[in-house]
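Structure first, commentary second.
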Amino acid sequence: MKTTVDRTAQWAHLMISVIVFLVLTLSLATYFTPTRAVAVPLCGNGAAPDYGFTYALQQPHWTVDWQDYASERVVIKVDAILDQLNSDSIAQTMILIQPQSQVGNRVNCAVHFLRYMQLGQPEGERKDNGFVFLIVVESSRIDVHYGVGLGLPALTAPELTALNRAAEEAYQSTQSMDQALLALVQGFDAVARNKYAPLLTHAPTPETPSLPAGPLGTFTICGLTCVGFFLLLFVLWMFTQLARRGIRFNPSGSGSRRSGSPFGGSRGRSGFGSGSFGGGRSSPPTRGGSGSGRSGRGN
């Protein structure tokens with residue numbers, strides 16, 4: 001009997017050891033199995049709706065991913081030119097700078113970025129006026145491409161390609177992205193304004209009411225004059241009565257016991273005098289598309 005009990009205990013101990021060994025083996029196998037990284041498509045190789053982009057749709061500058069290549073001083077100059085093109089409803093333009101290792105199909109990259117950032121007016125006379133320049137940074141040169149919105153048919157390939165080549169040559173001769181950006185944007189501003197005039201929206205002129213002509217109009221003018229004269233006499237009479245009673249009117253409030261009016265000395269607390277009312281730091285401007293994103297061609 002004792003031998004049977006010992007054998008049963010040995011088998012139980014063996015089974016427990018085997019189970020523990022299998023659990024440890026599976027745990028270690030799971031731990032050391034490499035996790036597959038989610039592949040991010042190269043720019044130009046993605047698909048709708050995001051085309052592989054993760055950028056915020058509102059950016060602090062019209063130039064995106066400039067930090068490793070250009071100076072903020074020049075990026076701000078570029079903003080000033082592109083802000084004006086946008087406010088004139090000529091073109092809503094962004095520039096994307098990418099290393100060549102992150103770009104697949106370069107023409108598609110520019111067009112996809114235009115669509116993703118939803119550049120262009122969604123309606124109106126200048127509908128779909130989005131535009132993108134793509135600057136691909138290589139080891140010793142840059143390669144510039146563009147994407148055009150459907151609402152800019154007057155911007156043709158020969159003149160836009162000439163802008164690309166001018167920016168590439170500016171970089172090649174100076175090895176400066178600042179010079180390339182300025183050449184590109186200043187040239188684009190000249191070409192776009194040559195093709196499209198600013199779209200100005202005039203506010204309606206307020207109508208000035210005119211007094212009726214004839215006897216009725218003459219009576220109205222005389223009536224207003226008489227009312228004003230009697231009001232002036234009443235104010236003078238009121239001040240005379242106050243002076244007789246020893247009550248003086250002191251606009252400055254100095255030397256008077258009644259100078260503490262509900263408005264005196266309270267502006268600092270309410271914020272008007274101290275500038276705290278609406279005087280806090282305003283949020284920095286953001287730049288992005290108006291919601292169109294429709295594009296037709298690129299190069």
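Ordering of the structure tokens sets the chain letters (A, B, ...), residue numbers begin anew at 1 in every chain, and ligands are numbered from 1 in the order given.
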
For Arg287 of chain A, find every residue with an atom within 9 Å (counting only C-alpha atoms), except residues of its own chain fewer than 4 positions away, and show them as a PDB file with C-alpha atoms, in the first residue's frame.
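What landed in part-v9.pdb:
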ATOM      1  CA  LEU A  57      -4.880  70.254 -39.989  1.00  0.00           C
ATOM      2  CA  GLN A  58      -4.030  73.658 -38.508  1.00  0.00           C
ATOM      3  CA  GLN A  59      -0.321  74.512 -38.451  1.00  0.00           C
ATOM      4  CA  PRO A  60       1.583  77.484 -36.986  1.00  0.00           C
ATOM      5  CA  HIS A  61       3.193  78.163 -40.389  1.00  0.00           C
ATOM      6  CA  TRP A  62       2.380  77.553 -44.032  1.00  0.00           C
ATOM      7  CA  ASP A  83      -1.039  84.976 -45.799  1.00  0.00           C
ATOM      8  CA  MET A  94       1.440  75.125 -48.088  1.00  0.00           C
TER       9      MET A  94
END

Give me the residues near Ala190 of chain A as a PyMOL selection string, where near means some atom within 12 Å (using only C-alpha atoms) and where sequence neighbours in that chain fewer than 5 positions away do not count.
chain A and resi 81-82+85+90+155+159-160+163+183-185+195-197

Selection near Ala157 of chain A, 12 Å with only C-alpha atoms, sequence-local residues under 3 positions removed, as a PyMOL selection string
chain A and resi 145-148+152-154+160-164+191+297-299

Could those selected residues go to a file with C-alpha atoms, as a compact mmCIF listing (two decimals), in the first residue's frame?
# COMPACT_ATOMS: atom_id res chain seq x y z
CA HIS A 145 7.41 69.31 -56.98
CA TYR A 146 3.91 70.77 -56.78
CA GLY A 147 0.23 69.87 -56.51
CA VAL A 148 -2.50 72.15 -57.91
CA LEU A 152 -6.35 77.14 -60.40
CA PRO A 153 -6.42 76.16 -64.11
CA ALA A 154 -4.54 79.31 -65.16
CA LEU A 160 5.32 76.23 -62.33
CA THR A 161 8.12 73.92 -63.44
CA ALA A 162 10.29 77.00 -63.99
CA LEU A 163 9.63 77.98 -60.35
CA ASN A 164 10.74 74.52 -59.23
CA VAL A 191 3.08 84.18 -61.16
CA ARG A 297 -2.68 67.58 -61.20
CA GLY A 298 0.88 67.73 -60.00
CA ASN A 299 4.45 67.64 -61.23

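Across the structure, atom CA of Ala180 of chain A and atom CA of Ile142 of chain A are spaced 9.1 Å apart.
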
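Shortest atom-to-atom contact with Tyr116 of chain A among A:Tyr171, A:Phe131, A:Trp66, A:Phe188: A:Phe131, counting only C-alpha atoms.
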
Quick one: residues within 9 Å of Leu199 of chain A, only C-alpha atoms, excluding same-chain residues fewer than 3 positions away - as number ranges by chain?
A: 87-90, 125-126, 196

Just-selected residues, C-alpha atoms written as a JSON list (two decimals), in the first residue's frame:
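Resulting contents of result-v3.json:
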[["chain", "number", "residue", "atom", "x", "y", "z"],
["A", 87, "SER", "CA", -6.54, 86.72, -47.79],
["A", 88, "ASP", "CA", -6.76, 87.90, -51.42],
["A", 89, "SER", "CA", -8.43, 84.55, -52.28],
["A", 90, "ILE", "CA", -5.77, 83.85, -54.90],
["A", 125, "GLU", "CA", -15.79, 82.20, -56.97],
["A", 126, "ARG", "CA", -12.32, 80.95, -55.93],
["A", 196, "TYR", "CA", -5.51, 86.00, -60.68]]

The residue from A:Gly151, A:Val107, A:Asp65, A:Ile97 with the smallest atom-to-atom distance to Gly124 of chain A, counting only C-alpha atoms, is A:Gly151

Given the choices A:Ala170, A:Val64, A:Ala47, A:Leu200, which gets closest to Val111 of chain A if the distance is worked out from only C-alpha atoms?
A:Ala47

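Note that atom CA of Leu42 of chain A and atom CA of Glu138 of chain A are 15.4 Å apart.
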